[in-house]
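S.K.: Here you go, this is run_17.csv (CSV, N, CA and C atoms).
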chain,number,residue,atom,x,y,z
A,18,MET,N,9.5,3.5,20.9
A,18,MET,CA,9.5,4.5,19.8
A,18,MET,C,9.0,5.8,20.5
A,19,ASP,N,9.7,6.9,20.3
A,19,ASP,CA,9.4,8.1,21.0
A,19,ASP,C,8.4,9.0,20.3
A,20,GLU,N,8.3,8.9,18.9
A,20,GLU,CA,7.5,9.8,18.2
A,20,GLU,C,6.6,9.1,17.2
A,21,THR,N,5.5,9.6,16.9
A,21,THR,CA,4.6,9.1,15.9
A,21,THR,C,5.3,9.3,14.5
A,22,ILE,N,5.2,8.2,13.7
A,22,ILE,CA,5.9,8.3,12.4
A,22,ILE,C,5.0,7.7,11.3
A,23,PHE,N,5.2,8.1,10.1
A,23,PHE,CA,4.6,7.5,8.9
A,23,PHE,C,5.5,6.2,8.6
A,24,LEU,N,4.8,5.1,8.4
A,24,LEU,CA,5.6,3.9,8.1
A,24,LEU,C,5.7,3.7,6.6
A,25,ASN,N,4.5,3.4,5.9
A,25,ASN,CA,4.6,3.1,4.5
A,25,ASN,C,3.1,3.1,4.0
A,26,ILE,N,3.0,2.9,2.7
A,26,ILE,CA,1.7,2.6,2.1
A,26,ILE,C,1.7,1.2,1.4
A,27,ASP,N,1.0,0.3,2.0
A,27,ASP,CA,0.8,-1.0,1.4
A,27,ASP,C,-0.2,-0.9,0.3
A,28,LEU,N,0.0,-1.6,-0.8
A,28,LEU,CA,-1.0,-1.8,-1.8
A,28,LEU,C,-1.5,-3.3,-1.7
A,29,ASP,N,-2.7,-3.4,-1.3
A,29,ASP,CA,-3.3,-4.8,-1.1
A,29,ASP,C,-4.4,-5.0,-2.1
A,30,ILE,N,-4.3,-6.1,-2.8
A,30,ILE,CA,-5.3,-6.5,-3.8
A,30,ILE,C,-5.8,-7.9,-3.6
A,31,GLU,N,-7.1,-8.1,-4.0
A,31,GLU,CA,-7.8,-9.4,-4.0
A,31,GLU,C,-8.5,-9.6,-5.3
A,32,SER,N,-8.4,-10.8,-5.8
A,32,SER,CA,-9.0,-11.1,-7.1
A,32,SER,C,-9.4,-12.5,-7.2
A,33,LYS,N,-10.4,-12.8,-8.0
A,33,LYS,CA,-10.8,-14.1,-8.3
A,33,LYS,C,-10.0,-14.7,-9.5
A,34,ILE,N,-9.2,-13.8,-10.1
A,34,ILE,CA,-8.3,-14.1,-11.2
A,34,ILE,C,-6.8,-14.1,-10.7
A,35,ASP,N,-6.0,-15.1,-11.2
A,35,ASP,CA,-4.6,-15.1,-10.8
A,35,ASP,C,-3.9,-13.8,-11.0
A,36,ILE,N,-3.3,-13.3,-10.0
A,36,ILE,CA,-2.6,-11.9,-10.1
A,36,ILE,C,-1.2,-12.0,-10.5
A,37,SER,N,-0.7,-13.2,-10.8
A,37,SER,CA,0.7,-13.4,-11.2
A,37,SER,C,1.2,-12.4,-12.2
A,38,PRO,N,0.4,-12.1,-13.3
A,38,PRO,CA,0.9,-11.2,-14.3
A,38,PRO,C,1.1,-9.8,-13.7
A,39,ILE,N,0.4,-9.4,-12.7
A,39,ILE,CA,0.6,-8.1,-12.0
A,39,ILE,C,1.9,-8.2,-11.2
A,40,VAL,N,2.1,-9.2,-10.5
A,40,VAL,CA,3.3,-9.4,-9.7
A,40,VAL,C,4.5,-9.4,-10.6
A,41,GLU,N,4.4,-10.1,-11.7
A,41,GLU,CA,5.6,-10.2,-12.6
A,41,GLU,C,5.9,-8.8,-13.2
A,42,ALA,N,4.8,-8.1,-13.6
A,42,ALA,CA,5.0,-6.8,-14.2
A,42,ALA,C,5.6,-5.8,-13.2
A,43,PHE,N,5.2,-5.8,-11.9
A,43,PHE,CA,5.8,-5.0,-10.9
A,43,PHE,C,7.3,-5.3,-10.7
A,44,GLY,N,7.7,-6.5,-10.9
A,44,GLY,CA,9.1,-6.9,-10.9
A,44,GLY,C,9.7,-6.5,-9.6
A,45,GLU,N,10.9,-6.0,-9.7
A,45,GLU,CA,11.7,-5.6,-8.5
A,45,GLU,C,11.4,-4.2,-8.1
A,46,GLU,N,10.4,-3.6,-8.7
A,46,GLU,CA,10.1,-2.2,-8.4
A,46,GLU,C,9.4,-2.1,-7.0
A,47,VAL,N,8.9,-3.2,-6.5
A,47,VAL,CA,8.2,-3.3,-5.2
A,47,VAL,C,8.7,-4.5,-4.4
A,48,ALA,N,8.4,-4.5,-3.1
A,48,ALA,CA,8.6,-5.6,-2.3
A,48,ALA,C,7.3,-6.4,-2.2
A,49,VAL,N,7.3,-7.6,-2.5
A,49,VAL,CA,6.1,-8.4,-2.5
A,49,VAL,C,6.0,-9.0,-1.1
A,50,LEU,N,5.0,-8.5,-0.4
A,50,LEU,CA,4.7,-9.0,1.0
A,50,LEU,C,3.8,-10.3,1.0
A,51,ARG,N,3.0,-10.3,0.0
A,51,ARG,CA,2.1,-11.5,-0.1
A,51,ARG,C,1.7,-11.7,-1.5
A,52,ASN,N,1.7,-13.0,-1.9
A,52,ASN,CA,1.2,-13.4,-3.2
A,52,ASN,C,0.8,-14.9,-3.1
A,53,ASP,N,-0.5,-15.1,-2.8
A,53,ASP,CA,-1.0,-16.4,-2.6
A,53,ASP,C,-2.4,-16.5,-2.9
A,54,CYS,N,-2.9,-17.7,-2.8
A,54,CYS,CA,-4.3,-18.0,-3.1
A,54,CYS,C,-4.9,-18.8,-2.0
A,55,MET,N,-6.1,-18.4,-1.5
A,55,MET,CA,-6.8,-19.1,-0.5
A,55,MET,C,-8.3,-19.2,-0.8
A,56,SER,N,-8.8,-20.4,-0.9
A,56,SER,CA,-10.2,-20.6,-1.2
A,56,SER,C,-10.6,-19.9,-2.5
A,57,GLY,N,-9.8,-20.0,-3.5
A,57,GLY,CA,-10.1,-19.4,-4.8
A,57,GLY,C,-9.9,-17.9,-4.9
A,58,ILE,N,-9.4,-17.3,-3.9
A,58,ILE,CA,-9.2,-15.8,-4.0
A,58,ILE,C,-7.7,-15.6,-4.0
A,59,TYR,N,-7.2,-14.8,-4.9
A,59,TYR,CA,-5.8,-14.4,-5.0
A,59,TYR,C,-5.5,-13.2,-4.2
A,60,TYR,N,-4.5,-13.2,-3.4
A,60,TYR,CA,-4.1,-12.0,-2.5
A,60,TYR,C,-2.7,-11.5,-2.9
A,61,GLY,N,-2.6,-10.2,-3.0
A,61,GLY,CA,-1.3,-9.6,-3.2
A,61,GLY,C,-1.1,-8.4,-2.3
A,62,SER,N,0.0,-8.3,-1.7
A,62,SER,CA,0.4,-7.1,-0.9
A,62,SER,C,1.8,-6.7,-1.3
A,63,PHE,N,1.9,-5.3,-1.5
A,63,PHE,CA,3.1,-4.8,-2.0
A,63,PHE,C,3.5,-3.5,-1.2
A,64,GLU,N,4.8,-3.2,-1.2
A,64,GLU,CA,5.4,-2.0,-0.6
A,64,GLU,C,6.5,-1.5,-1.6
A,65,THR,N,6.6,-0.2,-1.6
A,65,THR,CA,7.7,0.4,-2.4
A,65,THR,C,8.9,0.7,-1.4
A,66,LEU,N,10.0,1.1,-2.0
A,66,LEU,CA,11.1,1.5,-1.1
A,66,LEU,C,11.1,3.0,-0.9
A,67,LEU,N,10.1,3.7,-1.4
A,67,LEU,CA,10.1,5.2,-1.3
A,67,LEU,C,9.6,5.5,0.1
A,68,ALA,N,9.9,6.8,0.5
A,68,ALA,CA,9.6,7.2,1.9
A,68,ALA,C,8.5,8.2,2.1
A,69,LYS,N,8.1,8.9,1.0
A,69,LYS,CA,7.1,9.9,1.2
A,69,LYS,C,5.8,9.5,0.6
A,70,PRO,N,4.6,9.7,1.3
A,70,PRO,CA,3.3,9.2,0.9
A,70,PRO,C,3.0,9.6,-0.6
A,71,ASN,N,3.1,10.8,-1.0
A,71,ASN,CA,2.7,11.2,-2.3
A,71,ASN,C,3.6,10.5,-3.4
A,72,GLU,N,4.9,10.4,-3.1
A,72,GLU,CA,5.8,9.7,-4.0
A,72,GLU,C,5.4,8.2,-4.1
A,73,ILE,N,5.0,7.6,-3.0
A,73,ILE,CA,4.6,6.2,-3.0
A,73,ILE,C,3.4,6.0,-3.9
A,74,ILE,N,2.4,6.8,-3.7
A,74,ILE,CA,1.2,6.7,-4.5
A,74,ILE,C,1.5,6.9,-6.0
A,75,MET,N,2.3,7.9,-6.3
A,75,MET,CA,2.6,8.2,-7.7
A,75,MET,C,3.4,7.0,-8.3
A,76,GLU,N,4.2,6.3,-7.5
A,76,GLU,CA,4.9,5.1,-8.0
A,76,GLU,C,4.0,4.0,-8.3
A,77,TYR,N,3.1,3.7,-7.3
A,77,TYR,CA,2.1,2.7,-7.6
A,77,TYR,C,1.3,3.0,-8.9
A,78,ALA,N,0.9,4.3,-9.0
A,78,ALA,CA,0.1,4.7,-10.2
A,78,ALA,C,0.9,4.4,-11.5
A,79,ARG,N,2.2,4.8,-11.4
A,79,ARG,CA,3.0,4.6,-12.6
A,79,ARG,C,3.1,3.1,-13.0
A,80,LEU,N,3.3,2.3,-12.0
A,80,LEU,CA,3.4,0.8,-12.2
A,80,LEU,C,2.0,0.3,-12.7
A,81,ILE,N,0.9,0.7,-12.2
A,81,ILE,CA,-0.4,0.2,-12.6
A,81,ILE,C,-0.7,0.7,-14.0
A,82,GLU,N,-0.4,2.0,-14.3
A,82,GLU,CA,-0.7,2.5,-15.6
A,82,GLU,C,0.1,1.9,-16.7
A,83,SER,N,1.3,1.4,-16.3
A,83,SER,CA,2.2,0.8,-17.3
A,83,SER,C,2.0,-0.7,-17.5
A,84,LEU,N,1.0,-1.3,-16.8
A,84,LEU,CA,0.7,-2.7,-17.0
A,84,LEU,C,0.3,-3.0,-18.5
A,85,ASP,N,0.7,-4.1,-19.0
A,85,ASP,CA,0.2,-4.5,-20.4
A,85,ASP,C,-1.3,-4.7,-20.3
A,86,PRO,N,-2.0,-4.7,-21.4
A,86,PRO,CA,-3.5,-4.8,-21.4
A,86,PRO,C,-4.0,-6.0,-20.7
A,87,SER,N,-3.4,-7.2,-20.7
A,87,SER,CA,-3.9,-8.4,-20.0
A,87,SER,C,-3.8,-8.2,-18.5
A,88,ALA,N,-2.6,-7.7,-18.1
A,88,ALA,CA,-2.4,-7.5,-16.6
A,88,ALA,C,-3.3,-6.4,-16.1
A,89,ARG,N,-3.5,-5.3,-17.0
A,89,ARG,CA,-4.4,-4.2,-16.6
A,89,ARG,C,-5.8,-4.7,-16.4
A,90,GLN,N,-6.2,-5.6,-17.3
A,90,GLN,CA,-7.6,-6.2,-17.2
A,90,GLN,C,-7.8,-6.9,-15.8
A,91,ILE,N,-6.7,-7.6,-15.4
A,91,ILE,CA,-6.8,-8.3,-14.1
A,91,ILE,C,-6.9,-7.3,-13.0
A,92,TRP,N,-6.1,-6.2,-13.1
A,92,TRP,CA,-6.1,-5.1,-12.1
A,92,TRP,C,-7.6,-4.6,-12.0
A,93,ASP,N,-8.1,-4.3,-13.2
A,93,ASP,CA,-9.4,-3.6,-13.3
A,93,ASP,C,-10.5,-4.5,-12.6
A,94,GLN,N,-10.3,-5.9,-12.7
A,94,GLN,CA,-11.3,-6.8,-12.2
A,94,GLN,C,-11.0,-7.2,-10.7
A,95,CYS,N,-10.0,-6.7,-10.1
A,95,CYS,CA,-9.7,-7.0,-8.7
A,95,CYS,C,-10.9,-6.5,-7.9
A,96,ARG,N,-11.3,-7.3,-6.9
A,96,ARG,CA,-12.4,-6.9,-6.1
A,96,ARG,C,-12.0,-6.0,-5.0
A,97,THR,N,-10.7,-6.0,-4.6
A,97,THR,CA,-10.2,-5.0,-3.7
A,97,THR,C,-8.9,-4.5,-4.2
A,98,LYS,N,-8.8,-3.1,-4.1
A,98,LYS,CA,-7.5,-2.4,-4.5
A,98,LYS,C,-7.3,-1.4,-3.4
A,99,ARG,N,-6.6,-1.7,-2.4
A,99,ARG,CA,-6.5,-0.9,-1.2
A,99,ARG,C,-5.2,-0.3,-1.0
A,100,PHE,N,-5.1,1.0,-0.9
A,100,PHE,CA,-3.9,1.8,-0.6
A,100,PHE,C,-4.0,2.1,0.9
A,101,ASP,N,-3.2,1.4,1.6
A,101,ASP,CA,-3.3,1.4,3.1
A,101,ASP,C,-2.1,2.1,3.7
A,102,ILE,N,-2.3,3.3,4.2
A,102,ILE,CA,-1.3,4.1,4.7
A,102,ILE,C,-1.1,3.8,6.2
A,103,GLY,N,0.1,3.5,6.7
A,103,GLY,CA,0.3,3.1,8.0
A,103,GLY,C,1.1,4.1,8.8
A,104,PHE,N,0.7,4.2,10.1
A,104,PHE,CA,1.4,5.1,11.0
A,104,PHE,C,1.7,4.3,12.3
A,105,GLN,N,2.8,4.5,12.9
A,105,GLN,CA,3.2,4.0,14.2
A,105,GLN,C,2.9,5.1,15.2
A,106,CYS,N,2.0,4.9,16.1
A,106,CYS,CA,1.6,6.0,17.0
A,106,CYS,C,2.5,6.0,18.3
A,107,ALA,N,2.8,7.2,18.8
A,107,ALA,CA,3.5,7.3,20.0
A,107,ALA,C,2.9,8.5,20.8
A,108,GLU,N,3.4,8.7,22.0
A,108,GLU,CA,2.8,9.8,22.8
A,108,GLU,C,3.2,11.2,22.3
A,109,LYS,N,4.2,11.3,21.5
A,109,LYS,CA,4.7,12.6,21.0
A,109,LYS,C,4.8,12.5,19.5
A,110,PRO,N,4.6,13.6,18.8
A,110,PRO,CA,4.0,14.8,19.3
A,110,PRO,C,2.5,14.7,19.6
A,111,TYR,N,2.0,15.7,20.2
A,111,TYR,CA,0.6,15.7,20.6
A,111,TYR,C,-0.3,15.4,19.4
A,112,SER,N,0.0,16.0,18.2
A,112,SER,CA,-0.7,15.8,17.0
A,112,SER,C,0.3,15.5,15.9
A,113,TYR,N,-0.1,14.8,14.9
A,113,TYR,CA,0.8,14.4,13.8
A,113,TYR,C,0.0,14.6,12.5
A,114,HIS,N,0.5,15.3,11.5
A,114,HIS,CA,-0.2,15.5,10.3
A,114,HIS,C,0.6,14.9,9.1
A,115,SER,N,-0.1,14.3,8.2
A,115,SER,CA,0.5,13.7,7.0
A,115,SER,C,-0.5,14.1,5.9
A,116,THR,N,-0.1,14.7,4.8
A,116,THR,CA,-1.0,15.2,3.8
A,116,THR,C,-0.8,14.4,2.5
A,117,LEU,N,-1.9,14.1,1.9
A,117,LEU,CA,-1.9,13.5,0.6
A,117,LEU,C,-2.5,14.6,-0.4
A,118,SER,N,-1.8,14.8,-1.5
A,118,SER,CA,-2.2,15.8,-2.4
A,118,SER,C,-3.5,15.4,-3.2
A,119,ASN,N,-4.1,16.4,-3.7
A,119,ASN,CA,-5.3,16.1,-4.6
A,119,ASN,C,-4.9,15.2,-5.7
A,120,GLU,N,-3.8,15.4,-6.3
A,120,GLU,CA,-3.3,14.5,-7.4
A,120,GLU,C,-3.2,13.1,-6.9
A,121,SER,N,-2.7,12.8,-5.7
A,121,SER,CA,-2.6,11.5,-5.2
A,121,SER,C,-3.9,10.8,-5.0
A,122,LEU,N,-4.8,11.6,-4.4
A,122,LEU,CA,-6.2,11.1,-4.1
A,122,LEU,C,-6.9,10.8,-5.4
A,123,SER,N,-6.7,11.7,-6.4
A,123,SER,CA,-7.3,11.5,-7.7
A,123,SER,C,-6.8,10.2,-8.4
A,124,LYS,N,-5.5,10.0,-8.3
A,124,LYS,CA,-4.9,8.8,-8.8
A,124,LYS,C,-5.5,7.5,-8.2
A,125,ILE,N,-5.6,7.5,-6.9
A,125,ILE,CA,-6.2,6.4,-6.2
A,125,ILE,C,-7.6,6.1,-6.8
A,126,SER,N,-8.4,7.2,-6.9
A,126,SER,CA,-9.8,7.1,-7.4
A,126,SER,C,-9.8,6.6,-8.8
A,127,ALA,N,-9.0,7.2,-9.7
A,127,ALA,CA,-8.9,6.8,-11.1
A,127,ALA,C,-8.5,5.3,-11.3
A,128,LEU,N,-7.7,4.8,-10.3
A,128,LEU,CA,-7.3,3.4,-10.4
A,128,LEU,C,-8.3,2.5,-9.8
A,129,GLY,N,-9.4,3.0,-9.3
A,129,GLY,CA,-10.5,2.2,-8.7
A,129,GLY,C,-10.1,1.8,-7.3
A,130,GLY,N,-9.2,2.5,-6.7
A,130,GLY,CA,-8.7,2.1,-5.4
A,130,GLY,C,-9.5,2.7,-4.2
A,131,GLU,N,-9.3,2.2,-3.1
A,131,GLU,CA,-9.8,2.8,-1.9
A,131,GLU,C,-8.6,3.2,-1.0
A,132,PHE,N,-8.8,4.2,-0.2
A,132,PHE,CA,-7.8,4.7,0.7
A,132,PHE,C,-8.1,4.3,2.1
A,133,VAL,N,-7.2,3.7,2.8
A,133,VAL,CA,-7.3,3.2,4.2
A,133,VAL,C,-6.2,3.7,5.0
A,134,VAL,N,-6.5,4.0,6.3
A,134,VAL,CA,-5.5,4.5,7.2
A,134,VAL,C,-5.4,3.4,8.3
A,135,THR,N,-4.2,3.0,8.6
A,135,THR,CA,-4.0,2.0,9.7
A,135,THR,C,-3.1,2.7,10.7
A,136,ILE,N,-3.5,2.8,12.0
A,136,ILE,CA,-2.7,3.4,13.0
A,136,ILE,C,-2.4,2.3,14.0
A,137,TYR,N,-1.1,2.1,14.2
A,137,TYR,CA,-0.6,1.1,15.2
A,137,TYR,C,-0.4,1.7,16.5
A,138,ALA,N,-0.9,1.0,17.5
A,138,ALA,CA,-0.8,1.6,18.9
A,138,ALA,C,0.6,1.7,19.4
A,139,PRO,N,0.8,2.6,20.3
A,139,PRO,CA,2.2,2.7,20.9
A,139,PRO,C,2.6,1.4,21.5
A,140,ASN,N,3.9,1.1,21.5
A,140,ASN,CA,4.4,-0.1,22.1
A,140,ASN,C,5.1,0.3,23.4
A,141,PRO,N,4.4,0.1,24.5
A,141,PRO,CA,5.0,0.5,25.8
A,141,PRO,C,6.2,-0.2,26.2
A,142,GLU,N,6.5,-1.4,25.7
A,142,GLU,CA,7.7,-2.1,26.0
A,142,GLU,C,8.9,-1.5,25.3
A,143,GLY,N,8.7,-0.6,24.3
A,143,GLY,CA,9.8,0.0,23.6
A,143,GLY,C,10.4,-0.9,22.5
A,144,GLU,N,9.7,-2.1,22.3
A,144,GLU,CA,10.3,-3.0,21.2
A,144,GLU,C,10.0,-2.4,19.9
A,145,LYS,N,11.0,-2.6,19.0
A,145,LYS,CA,10.8,-2.1,17.6
A,145,LYS,C,10.0,-3.0,16.9
A,146,LEU,N,8.8,-2.5,16.4
A,146,LEU,CA,7.8,-3.4,15.8
A,146,LEU,C,8.0,-3.4,14.3
A,147,TRP,N,8.6,-2.4,13.7
A,147,TRP,CA,8.7,-2.3,12.3
A,147,TRP,C,10.1,-1.8,11.9
A,148,THR,N,10.6,-2.3,10.8
A,148,THR,CA,11.9,-1.8,10.3
A,148,THR,C,11.6,-1.0,9.0
A,149,ILE,N,12.2,0.1,8.9
A,149,ILE,CA,12.0,1.0,7.8
A,149,ILE,C,13.3,1.1,7.0
Before anything else, please render the file you have as structure tokens.
M.R.:
Amino acid sequence: MDETIFLNIDLDIESKIDISPIVEAFGEEVAVLRNDCMSGIYYGSFETLLAKPNEIIMEYARLIESLDPSARQIWDQCRTKRFDIGFQCAEKPYSYHSTLSNESLSKISALGGEFVVTIYAPNPEGEKLWTI
């Protein structure tokens, strides 16, 4: 990979309550990367098909705000609600900027979420690590 790029924003949730109603409500609006239970904790990880960070966050907000009351209660009780923005790093450009709007940051906060940045190291072998 020749240049640093934005990859996506994963929405990762953890709950002591079955998250199946959230997964079902999201439907085909997202790609479900994870939906399982280990040691009594339910884990979900989702991605949208959108390409711009602010659009992705607004889409997640729309989906969460449109949950029916029982699914929304599960969302509200999730112990983790992580909006994880990912970047694939390269040697060029020297610096790379990606901006989230105040509206996006406010949405994450209003939904009880936390904002995380994941930066993946350059891949010197040139292998493609991610498909977008």
S.K.: Do you have, as CSV, the list of residues of region 68-119 of chain A lying at most 8 Å from region 40-60 of chain A, each with its nearest atom pair and that distance in Å to one decimal, counting all atoms listed in the file and ordered by chain then number?
M.R.:
residue,atom,partner,partner_atom,distance
A:Leu80,CA,A:Phe43,CA,6.4
A:Ile81,N,A:Phe43,CA,7.6
A:Ser83,C,A:Ala42,CA,7.6
A:Leu84,CA,A:Ala42,CA,6.6
A:Asp85,N,A:Ala42,CA,7.0
A:Ala88,CA,A:Val40,N,7.8
S.K.: Tell me which protein, DNA and RNA residues are within 6 Å of Phe100 (chain A), counting only N, CA and C atoms, leaving out same-chain ones fewer than 4 positions away, and put them as a PyMOL selection string.
M.R.: chain A and resi 26-29+130-133
S.K.: Report, in Å to a single decimal, how far apart CA of Phe63 (chain A) and CA of Gly129 (chain A) are.
M.R.: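 One can read the CA of Gly129 (chain A) to CA of Phe63 (chain A) distance as 16.7 Å.
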S.K.: Tell me which of A:Leu66, A:Asn140, A:Val134, A:Leu128 sits closest to Lys98 (chain A), counting all atoms listed in the file.
M.R.: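 Looking at the shortest contact to Lys98 (chain A), the residue is A:Leu128.
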S.K.: Quote the spacing between CA of Tyr137 (chain A) and CA of Gln105 (chain A) in Å to one decimal place.
M.R.: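 Computed distance, CA of Tyr137 (chain A) to CA of Gln105 (chain A), equals 4.9 Å.
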S.K.: In Å, rounded to a single decimal, give me how far atom N of Pro86 (chain A) is from atom N of Ala127 (chain A).
M.R.: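 Atom N of Ala127 (chain A) sits 18.1 Å away from atom N of Pro86 (chain A).
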S.K.: Please report, as a ChimeraX atom specification, each residue of chain A to which DSSP assigns strand (DSSP E or B) when run on this structure's backbone.
M.R.: /A:20,22-32,48-55,58-64,97-105,109,131-137
S.K.: I'd like to know which of A:Pro70, A:Glu82, A:Thr21, A:Arg96 is closest to Ile34 (chain A), using only N, CA and C atoms.
M.R.: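 Closest candidate: A:Arg96.
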S.K.: Identify the residues around (9.5, 7.1, 3.7) within a radius of 8 Å, measuring from only N, CA and C atoms in the coordinates stated by the file, and give them as a ChimeraX atom specification.
M.R.: /A:23-26,66-70,149
S.K.: Enumerate, as a ChimeraX atom specification, the complete set of residues in chain A that a backbone-based DSSP assignment places in alpha helix (DSSP H).
M.R.: /A:37-43,70-82,86-94,119-127
S.K.: Which one of A:Ala78, A:Ala138, A:Ile36, A:Cys106 sits closest to Ile91 (chain A) if you count only C-alpha atoms?
M.R.: A:Ile36
S.K.: Quick one: of A:Glu108, A:Asp101, A:Asp93, A:Glu120, who's nearest to Ser32 (chain A), counting only C-alpha atoms?
M.R.: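 For Ser32 (chain A), the nearest of the candidates is A:Asp93.
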